[in-house]
Amino acid sequence: MASYAGHLSLSAVLGAAYGSAGAYYYQMDWGPALLAAGLTTIGGVLPDLDSDSGVPVRELFGLGAVVVPFLMLRRLVNLNFTFEELVAVMAGIYLFVRYGMSEIFKRITVHRGIFHSVPAMAIAGLAIFLLYHNPDPQMRIYLALGTMIGFLSHLVLDELCSVDFSGVAIHVNQFGGSALKLYSQSWPVTVSTYLLLFSLGYVASRQIANPNEAWRTWQHRTLNIASGWKALLSQDRK
Ligand SMILES: [Zn+2]
């Protein structure tokens with residue numbers, strides 16, 4: 001298996017190329033171009049979130065905990081939070097990803113399991129597409145695609161490195177197997193992965209078909225929940 005540094009250097013090169021291509025061929029502004037380069041780079045180390053130990057994984061969750069709230073910033077700003085509420089919500093997302101998600105991952109994933117698979121790559125892309133809101137769907141697709149390119153580079157590199165130079169296969173555990181697999185040895189894992197993939201795909205396709213309508217419904221629902229919470233909290237104070 002390739003090292004963390006190996007994955008990171010490959011995806012950083014791809015990220016630089018992808019960002020430049022966006023700027024050069026599609027006249028992307030430097031903001032989205034740099035964001036895409038960064039997400040491609042992160043995509044290249046994302047599959048190894050399933051390895052339980054080591055500084056890189058902890059670092060990765062730290063990084064994800066910062067990236068996720070910033071990707072959601074546009075959504076949050078549109079919800080008309082006060083500045084302090086915005087800071088509190090972003091801190092909450094940070095803590096959730098940094099400690100909650102990392103704990104969940106530690107418990108439920110096996111290294112080289114379903115996280116190293118083609119459907120997982122699609123889920124990562126869809127997650128970025130849905131987290132990051134932009135009125136222009138092409139911008140969202142651009143960032144999602146970058147993440148998937150980085151992710152794919154990781155899978156390909158792992159696959160190439162799973163046989164060492166003397167031709168001996170490196171042992172991975174029973175749920176491991178090919179990094180470019182389409183399903184897991186465990187069928188509940190496979191079924192839930194595809195369920196997640198299709199539900200995210202469904203939501204994403206509806207948003208592409210009608211970006212403004214979907215956005216308004218989402219905003220409307222979230223505003224209702226937020227105002228409900230505010231009413232509850234202010235009642236509490238009386
Ligand atoms: Zn890997």
# chains A, B, ... in the order shown; residues from 1 in each chain; ligands from 1
$ residues_around --residues "Val87 (chain A)" --least-positions-apart "3" --cutoff "12 Å" --atoms "only C-alpha atoms" --output "MDAnalysis selection string"
chainID A and resid 69:70 73 76:77 81:84 90:94
$ residues_near_ligand --ligand "ligand 1" --cutoff "7 Å" --atoms "only C-alpha atoms and all ligand atoms" --output "list in words"
Met1, Pro47, Asp48, Arg112, His116, His154, Leu155 and Asp158 of chain A
$ residues_around --residues "Ala226 (chain A)" --least-positions-apart "4" --cutoff "12 Å" --atoms "only C-alpha atoms" --output "PyMOL selection string"
chain A and resi 76+79-81+85+89+219-222+230-233
$ write_last_selection --atoms "N, CA, C and O atoms" --output "mmCIF file, in the first residue's frame"
data_model
loop_
_atom_site.group_PDB
_atom_site.id
_atom_site.type_symbol
_atom_site.label_atom_id
_atom_site.label_comp_id
_atom_site.auth_asym_id
_atom_site.auth_seq_id
_atom_site.Cartn_x
_atom_site.Cartn_y
_atom_site.Cartn_z
ATOM 1 N N LEU A 76 -25.302 28.465 5.595
ATOM 2 C CA LEU A 76 -25.515 28.998 6.943
ATOM 3 C C LEU A 76 -25.800 30.492 6.905
ATOM 4 O O LEU A 76 -26.685 30.991 7.607
ATOM 5 N N LEU A 79 -29.240 31.522 6.207
ATOM 6 C CA LEU A 79 -30.259 31.238 7.225
ATOM 7 C C LEU A 79 -30.436 32.390 8.204
ATOM 8 O O LEU A 79 -31.141 32.278 9.202
ATOM 9 N N ASN A 80 -29.743 33.510 7.907
ATOM 10 C CA ASN A 80 -29.904 34.729 8.710
ATOM 11 C C ASN A 80 -29.569 34.554 10.189
ATOM 12 O O ASN A 80 -30.242 35.096 11.049
ATOM 13 N N PHE A 81 -28.540 33.754 10.470
ATOM 14 C CA PHE A 81 -28.071 33.680 11.847
ATOM 15 C C PHE A 81 -27.385 34.991 12.210
ATOM 16 O O PHE A 81 -26.863 35.685 11.341
ATOM 17 N N GLU A 85 -24.331 33.404 16.524
ATOM 18 C CA GLU A 85 -24.975 32.112 16.247
ATOM 19 C C GLU A 85 -24.204 31.356 15.168
ATOM 20 O O GLU A 85 -23.997 30.145 15.269
ATOM 21 N N VAL A 89 -22.655 27.705 15.518
ATOM 22 C CA VAL A 89 -23.024 26.581 14.655
ATOM 23 C C VAL A 89 -21.784 25.990 13.994
ATOM 24 O O VAL A 89 -21.593 24.770 13.948
ATOM 25 N N GLN A 219 -34.160 25.825 2.300
ATOM 26 C CA GLN A 219 -34.000 27.003 3.140
ATOM 27 C C GLN A 219 -35.240 27.200 4.006
ATOM 28 O O GLN A 219 -35.146 27.487 5.199
ATOM 29 N N HIS A 220 -36.395 26.997 3.396
ATOM 30 C CA HIS A 220 -37.653 27.178 4.093
ATOM 31 C C HIS A 220 -37.754 26.227 5.285
ATOM 32 O O HIS A 220 -38.036 26.640 6.404
ATOM 33 N N ARG A 221 -37.450 24.942 5.020
ATOM 34 C CA ARG A 221 -37.524 23.932 6.078
ATOM 35 C C ARG A 221 -36.564 24.242 7.204
ATOM 36 O O ARG A 221 -36.906 24.211 8.367
ATOM 37 N N THR A 222 -35.314 24.580 6.833
ATOM 38 C CA THR A 222 -34.314 24.825 7.856
ATOM 39 C C THR A 222 -34.662 26.064 8.671
ATOM 40 O O THR A 222 -34.463 26.092 9.884
ATOM 41 N N LYS A 230 -35.466 28.610 18.279
ATOM 42 C CA LYS A 230 -35.347 29.915 18.934
ATOM 43 C C LYS A 230 -36.526 30.128 19.884
ATOM 44 O O LYS A 230 -36.355 30.612 21.000
ATOM 45 N N ALA A 231 -37.734 29.776 19.424
ATOM 46 C CA ALA A 231 -38.930 29.946 20.242
ATOM 47 C C ALA A 231 -38.822 29.097 21.509
ATOM 48 O O ALA A 231 -39.110 29.565 22.617
ATOM 49 N N LEU A 232 -38.337 27.850 21.325
ATOM 50 C CA LEU A 232 -38.177 26.944 22.468
ATOM 51 C C LEU A 232 -37.207 27.515 23.490
ATOM 52 O O LEU A 232 -37.475 27.531 24.696
ATOM 53 N N LEU A 233 -36.072 28.009 22.980
ATOM 54 C CA LEU A 233 -35.033 28.519 23.874
ATOM 55 C C LEU A 233 -35.506 29.759 24.614
ATOM 56 O O LEU A 233 -35.206 29.953 25.798
#
$ atom_distance --atom1 "CA of Met72 (chain A)" --atom2 "CA of His133 (chain A)"
7.1 Å
$ select_by_dssp --residues "chain A" --states "strand (DSSP E or B)" --output "mmCIF file with N, CA and C atoms, in the first residue's frame"
data_model
loop_
_atom_site.group_PDB
_atom_site.id
_atom_site.type_symbol
_atom_site.label_atom_id
_atom_site.label_comp_id
_atom_site.auth_asym_id
_atom_site.auth_seq_id
_atom_site.Cartn_x
_atom_site.Cartn_y
_atom_site.Cartn_z
ATOM 1 N N SER A 117 -13.523 1.906 -2.418
ATOM 2 C CA SER A 117 -14.350 1.310 -3.466
ATOM 3 C C SER A 117 -14.869 2.405 -4.383
ATOM 4 N N VAL A 163 0.307 -5.275 -4.918
ATOM 5 C CA VAL A 163 1.239 -6.347 -5.240
ATOM 6 C C VAL A 163 2.623 -5.726 -5.180
ATOM 7 N N ALA A 169 1.322 -10.796 -3.197
ATOM 8 C CA ALA A 169 0.221 -9.932 -2.778
ATOM 9 C C ALA A 169 0.384 -9.551 -1.306
ATOM 10 N N LYS A 181 -12.936 -2.005 -5.909
ATOM 11 C CA LYS A 181 -14.089 -2.916 -5.913
ATOM 12 C C LYS A 181 -15.414 -2.159 -5.994
#
$ residues_around --residues "Leu49 (chain A)" --least-positions-apart "3" --cutoff "9 Å" --atoms "only C-alpha atoms" --output "NGL selection string"
:A and (45-46 or 52 or 56-58 or 60-61 or 102 or 105-106 or 109 or 111 or 115)
$ write_last_selection --atoms "N, CA and C atoms" --output "CSV table (one decimal), in the first residue's frame"
chain,number,residue,atom,x,y,z
A,45,VAL,N,-6.5,11.6,-0.1
A,45,VAL,CA,-6.2,10.9,1.2
A,45,VAL,C,-7.5,10.5,1.9
A,46,LEU,N,-8.6,10.9,1.4
A,46,LEU,CA,-9.9,10.6,2.0
A,46,LEU,C,-10.2,9.1,2.3
A,52,ASP,N,-7.6,3.0,11.4
A,52,ASP,CA,-7.9,3.5,12.8
A,52,ASP,C,-6.8,4.3,13.4
A,56,PRO,N,-1.7,10.8,10.5
A,56,PRO,CA,-2.4,11.2,9.3
A,56,PRO,C,-3.9,11.2,9.4
A,57,VAL,N,-4.5,10.2,10.0
A,57,VAL,CA,-5.9,10.1,10.1
A,57,VAL,C,-6.5,11.1,11.1
A,58,ARG,N,-5.8,11.3,12.2
A,58,ARG,CA,-6.2,12.4,13.1
A,58,ARG,C,-6.1,13.7,12.4
A,60,LEU,N,-6.4,14.3,9.3
A,60,LEU,CA,-7.4,14.3,8.2
A,60,LEU,C,-8.7,14.7,8.8
A,61,PHE,N,-9.1,14.2,10.0
A,61,PHE,CA,-10.3,14.6,10.6
A,61,PHE,C,-10.3,16.0,11.1
A,102,SER,N,-15.1,11.0,13.9
A,102,SER,CA,-13.9,10.2,13.9
A,102,SER,C,-14.1,9.0,14.8
A,105,PHE,N,-16.3,6.6,12.8
A,105,PHE,CA,-15.5,5.9,11.8
A,105,PHE,C,-14.6,4.8,12.4
A,106,LYS,N,-14.0,5.1,13.6
A,106,LYS,CA,-13.1,4.2,14.2
A,106,LYS,C,-13.9,2.9,14.5
A,109,THR,N,-15.6,1.2,10.6
A,109,THR,CA,-14.9,0.9,9.3
A,109,THR,C,-13.8,-0.1,9.5
A,111,HIS,N,-10.1,-1.2,7.6
A,111,HIS,CA,-9.2,-0.6,6.6
A,111,HIS,C,-9.2,-1.4,5.3
A,115,PHE,N,-14.7,1.7,2.1
A,115,PHE,CA,-14.2,3.1,1.9
A,115,PHE,C,-13.3,3.1,0.7
$ residues_around --residues "region 134-150 of chain A" --least-positions-apart "2" --cutoff "8 Å" --atoms "only C-alpha atoms" --output "PyMOL selection string"
chain A and resi 11+14-15+18+32+35-37+39-45+74+121-122+124-129+132+152-154+208+211-212
$ residues_around --residues "region 182-191 of chain A" --least-positions-apart "5" --cutoff "7 Å" --atoms "only C-alpha atoms" --output "list in words"
Gly113, Ile114, Ser117, Val118, Pro119 and Phe175 of chain A
$ select_by_dssp --residues "chain A" --states "helix (DSSP H, G or I)" --output "ChimeraX atom specification"
/A:4-25,30-43,46-50,55-71,73-77,83-108,118-131,137-161,187-209,211-237
$ closest_residue --among "A:Leu8, A:Ala88, A:Leu34, A:Leu131" --to "Val68 (chain A)" --atoms "only C-alpha atoms"
A:Leu131
$ closest_residue --among "A:Trp229, A:Tyr4, A:Tyr24, A:Tyr202" --to "Leu157 (chain A)" --atoms "only C-alpha atoms"
A:Tyr4
$ atom_distance --atom1 "CA of Val67 (chain A)" --atom2 "CA of Ser3 (chain A)"
22.9 Å
$ atom_distance --atom1 "CA of Phe96 (chain A)" --atom2 "CA of Ala65 (chain A)"
7.7 Å
